[in-house]
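Q: If you scroll down you'll find the structure; I have some questions about it.
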Amino acid sequence: MPYIVQGEPSSWTDNDFGRVDHKYEYPYDLDLKPDSDFHIKIRSKIWERARAARNEISKRFDSWNEIDRTLTTYIPLKDREKQLKGKDTTKPVSIVFPYSYSNLEALLTYLALAFFQDPVFQYEGVEDSDTIGAMLMELVIRLHCIKTKVPLSIHTILRDNLSYGVGIGLPEWVTRWGKRPVKATISTLSELGRSTDNYVEFVDDMIFEGNALSSVDPYMWLPDPSVSSANVQDGEFFGWLDRDNYMNLLNEEAQRDSGLFNVRYLKSVQNKRSSLSQDQSERQTRYGGSTELHRSMSGTVHPVDVIRLYVNLIPSEWGLSESDEPEKWFFALASDDVVIACERADHSHGMYPAAVASSEFDGYSITPIGRMEVLYGLQGVLDFLFNSHVTNVRKAINDMLVVDPYLVNIKDLEDPEPGKLIRLRRPAWGRGVDKVVQQLQVHDITQANIADSTYITQWMDRISGADQSMQGALRQGGPERLTGTEFRGTRGSAISRLQRVAMILGMQFMQDIGEMFAAHTQQYMSRETYVRIIGRYQEQLKKMFGKGRAKVTPYDLAINYDLIVRDGSIPGGNFSEAWIQLWQIIATTPELQQEFDTFRIFTYIASQLGAKNIEDFKRNAERIETKTIPDEEALREAEKGNIVPIGA
């Protein structure tokens, strides 16, 4: 794709905001009215950085669109194929053979199993006084992940990483307001006495606060091109192009502490799209969607493109304050023309609230190649083998006839329906029909294509790391049947390759997200919450709280913590039957019982075999009844073997 240099947006000269004043109060006493000189200065600085990022990222759009075509298994039909489908919709035409999609599904399945374990993020205290707080932190963030469906966003980000080479996630703290039911009582005193009525009243209140995760379309990403995808925190800025609408922005502006302003000025802007959104994904060309919405429905709805940008800057140079120390600030530029957000980024973790998953990174590129892009060449060969065979078969099954038009009625011969009657012309009467029409001999030169495609798919399996066992299929060929040892060895090798990918993603992406979630919880949590005591700390917390739920306050979470990064393995991925044999040996050998905890080993084996609720089967010591009997009776029962001394 050629390097595209974009000038200033035309909307900068088309809009006149001086005719109206919406009386906004701007943050930090800054003059951010859209027609002010300071607003124009800030707008230009935001646009320059966004344009530089877009020029760099757009170089990858052609390749990404080819990957989209492959994964949507869609090829635009040629004119000849359109005519063929118009005559008979059942006839096959060119397709994308969906083998890359199959590889993608297998890889995503492994990564989902590796990261969607409960809880998604694990924490432990640094000092002894932090132990309980870290346990509660883990349960609170577990609740947030369930409430805001964090695994769904992680799945999208992992898919983008495999498809495009980068997956971008934005951790944020969300607050949801609504109506909460409150029990109320009315007491009435009359001559008949006092009466009490119970009822439910709905009051405006905060119904949820917690961590959430959103994904960014790689086509809309605006990174600092001077750093690699694994070091975005070292960049001078980090941004993205957000698709929103006018009414949603108005509602957000009206909410408390939203930080938005100037939204009402957008009403007079005719074209609320950003000029940076012209070159974008074609994944929705066939079925429509937000891309089509911006193309053809701008008169029906009011879409707004918003450039959201975090910048590491010196405030005095931008005129934001008198500080000469570098600070991170957040800006939002709507429709390329109106600044609707300008605030100091006050996150306690001091990072850009963003993380990038890039398992194929080389340490230098901002947009490394994706795993599906590695397979694209082989996918093209596979499509050619399959489609050329289908084309040849379609030609072969159609009658290719050599006919003497002087002897046969051509109209009868062109009738495609079965059971047709072909009439000879008068000169052929009484001469027989064997010399009238002759079938042209057709040879299928592509009959080996399907067999050849098997070799292509095998190479795609080897390159992607998603072999047939990972896709739920077993080896079919070979001189001998598939043995258990061969299956475990092959699957183990494939799992080891994918475990490396998961380990990289854990350090690159999940570690940053987990740390930001914890920092956001400590900084922004404003009220107590209740969590269910479950998981690896269940026994310790139940002893402390004495029940199945615990109340957590912001004070409880003021701790030092460490995030435990998962090793990329999946439950049962590295399990061996030898563990069961070892456990049997330990359980029957007194010397080994003194050195090893048989219960913990059994719990590990059960978890590797897929048991998620092993704690539910533990015996409740509080329910064990004790009974005291006389010494004489105890001796008699001991002689019978019914009871044994403690420790025997």
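Labels used: A, B, ... for chains in the order of the structure tokens, numbers from 1 for residues in each chain, and numbers from 1 for ligands as shown.
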Among the residues of range 568-606 of chain A, find those DSSP assigns to helix (DSSP H, G or I) from the backbone and print them as an MDAnalysis selection string.

A: chainID A and resid 578:587 590:595 598:606

Q: If we count only C-alpha atoms, what is near range 379-386 of chain A at a cut-off of 10 Å, once residues fewer than 2 positions away on the same chain are taken out, given as number ranges by chain?

A: A: 70, 94-100, 372-377, 388-391, 446-457, 460

Q: Just C-alpha atoms for this one: save the residues we selected as a PDB file, in the first residue's frame.

A:
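Contents of part27.pdb, freshly written:
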```pdb
ATOM      1  CA  THR A  70      -9.784 -15.775   4.119  1.00  0.00           C
ATOM      2  CA  SER A  94     -15.251 -20.417  -6.205  1.00  0.00           C
ATOM      3  CA  ILE A  95     -14.893 -20.453  -2.423  1.00  0.00           C
ATOM      4  CA  VAL A  96     -12.249 -20.024   0.257  1.00  0.00           C
ATOM      5  CA  PHE A  97     -11.535 -23.480   1.609  1.00  0.00           C
ATOM      6  CA  PRO A  98     -11.920 -22.768   5.365  1.00  0.00           C
ATOM      7  CA  TYR A  99      -8.787 -24.478   6.628  1.00  0.00           C
ATOM      8  CA  SER A 100      -7.163 -21.320   8.003  1.00  0.00           C
ATOM      9  CA  MET A 372      -2.893 -16.429   9.976  1.00  0.00           C
ATOM     10  CA  GLU A 373      -0.844 -14.225   7.661  1.00  0.00           C
ATOM     11  CA  VAL A 374       1.956 -16.803   7.749  1.00  0.00           C
ATOM     12  CA  LEU A 375      -0.526 -19.360   6.403  1.00  0.00           C
ATOM     13  CA  TYR A 376      -1.943 -17.086   3.712  1.00  0.00           C
ATOM     14  CA  GLY A 377       0.288 -18.343   0.879  1.00  0.00           C
ATOM     15  CA  SER A 388      -9.830 -25.682 -10.120  1.00  0.00           C
ATOM     16  CA  HIS A 389     -11.089 -29.199  -9.413  1.00  0.00           C
ATOM     17  CA  VAL A 390     -14.641 -27.955  -8.880  1.00  0.00           C
ATOM     18  CA  THR A 391     -14.455 -25.950 -12.107  1.00  0.00           C
ATOM     19  CA  THR A 446      -7.484 -32.162 -11.697  1.00  0.00           C
ATOM     20  CA  GLN A 447      -8.536 -35.456 -10.126  1.00  0.00           C
ATOM     21  CA  ALA A 448      -5.324 -35.523  -8.047  1.00  0.00           C
ATOM     22  CA  ASN A 449      -5.935 -32.022  -6.642  1.00  0.00           C
ATOM     23  CA  ILE A 450      -7.935 -33.220  -3.652  1.00  0.00           C
ATOM     24  CA  ALA A 451      -5.200 -35.706  -2.730  1.00  0.00           C
ATOM     25  CA  ASP A 452      -2.564 -32.978  -3.154  1.00  0.00           C
ATOM     26  CA  SER A 453      -4.542 -30.665  -0.897  1.00  0.00           C
ATOM     27  CA  THR A 454      -3.948 -33.119   1.942  1.00  0.00           C
ATOM     28  CA  TYR A 455      -0.239 -32.309   1.838  1.00  0.00           C
ATOM     29  CA  ILE A 456      -1.001 -28.600   1.947  1.00  0.00           C
ATOM     30  CA  THR A 457      -3.209 -28.962   5.036  1.00  0.00           C
ATOM     31  CA  MET A 460      -0.477 -25.720   7.507  1.00  0.00           C
TER      32      MET A 460
END
```

Q: Give me, please, the distance in Å between CA of Ser526 in chain A and CA of Gly178 in chain A, quoted to one decimal.

A: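 Spanning CA of Ser526 in chain A to CA of Gly178 in chain A is a straight-line distance of 16.6 Å.
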
Q: With a distance cut-off of 12 Å and only C-alpha atoms, select the neighbouring residues of Arg80 in chain A, excluding the residue or stretch itself and same-chain residues fewer than 4 positions from it, and output the selection as an mmCIF file with C-alpha atoms, in the first residue's frame.

A:
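result.cif was written with the following content:
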```cif
data_model
loop_
_atom_site.group_PDB
_atom_site.id
_atom_site.type_symbol
_atom_site.label_atom_id
_atom_site.label_comp_id
_atom_site.auth_asym_id
_atom_site.auth_seq_id
_atom_site.Cartn_x
_atom_site.Cartn_y
_atom_site.Cartn_z
ATOM 1 C CA PRO A 76 -16.471 -11.958 -4.771
ATOM 2 C CA LEU A 84 -24.182 -19.369 -13.366
ATOM 3 C CA LYS A 85 -25.696 -18.743 -9.921
ATOM 4 C CA GLY A 86 -28.490 -16.759 -11.495
ATOM 5 C CA LYS A 87 -29.471 -19.748 -13.610
ATOM 6 C CA VAL A 93 -18.630 -21.595 -7.525
ATOM 7 C CA SER A 94 -15.251 -20.417 -6.205
ATOM 8 C CA THR A 391 -14.455 -25.950 -12.107
#
```

Q: Excluding Met351 in chain A and its own-chain neighbours fewer than 2 positions away, which residues fall within 9 Å of it when counting only C-alpha atoms? Please give them as a ChimeraX atom specification.

A: /A:233,328,347-349,353-354,516

Q: Hey, can you spit out that residue selection with C-alpha atoms as a PDB file, in the first residue's frame?

A:
```pdb
ATOM      1  CA  GLN A 233       4.156   1.947  27.282  1.00  0.00           C
ATOM      2  CA  LYS A 328       0.183  11.772  30.811  1.00  0.00           C
ATOM      3  CA  HIS A 347      -4.148   6.451  37.106  1.00  0.00           C
ATOM      4  CA  SER A 348      -2.118   5.333  40.102  1.00  0.00           C
ATOM      5  CA  HIS A 349      -0.261   2.726  38.030  1.00  0.00           C
ATOM      6  CA  PRO A 353      -4.485   2.200  30.367  1.00  0.00           C
ATOM      7  CA  ALA A 354      -3.911  -0.177  27.486  1.00  0.00           C
ATOM      8  CA  MET A 516      -4.173  -2.359  36.093  1.00  0.00           C
TER       9      MET A 516
END
```

Q: Given the choices A:Lys41, A:Arg51, A:Arg243, A:Arg566, which gets closest to Phe115 in chain A if the distance is worked out from only C-alpha atoms?

A: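 Of A:Lys41, A:Arg51, A:Arg243, A:Arg566, the one nearest Phe115 in chain A is A:Arg566, counting only C-alpha atoms.
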
Q: Using only C-alpha atoms, determine which residues lie at most 12 Å from Arg425 in chain A, disregarding the query and same-chain residues fewer than 6 positions distant; provide the list as a list in words.

A: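 With the cut-off at 12 Å, the set is Asp404, Pro405, Tyr406, Leu407, Val408, Asn409, Ile410, Lys411, Asp412, Arg431, Gly432, Val433 and Val436 of chain A.
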
Q: Which of these residues is nearest to Lys91 in chain A, using only C-alpha atoms: A:Gly548, A:Tyr199, A:Lys395, A:Asp29?

A: A:Lys395

Q: Contacts of range 146-149 of chain A at 12 Å or less, counting only C-alpha atoms, minus same-chain residues fewer than 6 places along, as a list of chain:residue names?

A: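 Returned residues: A:Phe116, A:Asp118, A:Pro119, A:Val120, A:Phe121, A:Leu139, A:Val140, A:His155, A:Thr156, A:Pro171, A:Glu172, A:Trp173, A:Val174, A:Thr175, A:Arg176, A:Ile207, A:Phe208, A:Glu209, A:Gly210, A:Asn211, A:Ala212, A:Leu213, A:Ser214, A:Val531.
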
Q: Taking into account only C-alpha atoms, which residue in the set A:Arg371, A:Arg194, A:Arg49, A:Lys272 is nearest to Val166 in chain A?

A: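 Of the candidates, the smallest distance to Val166 in chain A is held by A:Arg371.
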
Q: List the neighbours of Ser569 in chain A out to 9 Å using only C-alpha atoms; skip same-chain residues closer than 6 positions along the sequence, and give me the result as a compact mmCIF listing (two decimals) with N, CA and C atoms, in the first residue's frame.

A:
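Output contents, as saved in selection.txt:
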```
# COMPACT_ATOMS: atom_id res chain seq x y z
N TYR A 110 -7.24 -23.43 22.50
CA TYR A 110 -6.18 -23.64 23.49
C TYR A 110 -5.99 -22.39 24.35
N LEU A 111 -5.90 -21.22 23.71
CA LEU A 111 -5.66 -19.99 24.46
C LEU A 111 -6.81 -19.68 25.41
N LEU A 113 -8.72 -21.93 26.90
CA LEU A 113 -8.58 -22.83 28.04
C LEU A 113 -7.44 -22.38 28.96
N ALA A 114 -6.40 -21.78 28.39
CA ALA A 114 -5.25 -21.36 29.19
C ALA A 114 -5.57 -20.13 30.04
N PHE A 115 -6.41 -19.21 29.52
CA PHE A 115 -6.63 -17.94 30.21
C PHE A 115 -8.00 -17.81 30.86
N ILE A 495 1.02 -29.19 22.21
CA ILE A 495 0.67 -28.39 23.38
C ILE A 495 1.87 -27.57 23.85
N SER A 496 3.08 -28.13 23.75
CA SER A 496 4.27 -27.39 24.16
C SER A 496 4.47 -26.15 23.29
N LEU A 498 2.11 -24.46 21.71
CA LEU A 498 1.07 -23.48 22.03
C LEU A 498 1.26 -22.91 23.43
N GLN A 499 1.85 -23.69 24.32
CA GLN A 499 2.11 -23.18 25.66
C GLN A 499 3.10 -22.02 25.62
N ARG A 500 4.07 -22.08 24.69
CA ARG A 500 5.00 -20.97 24.53
C ARG A 500 4.25 -19.70 24.12
N ALA A 502 1.11 -19.02 24.69
CA ALA A 502 0.31 -18.56 25.83
C ALA A 502 1.19 -17.89 26.89
N MET A 503 2.39 -18.39 27.10
CA MET A 503 3.29 -17.76 28.08
C MET A 503 3.66 -16.35 27.65
```
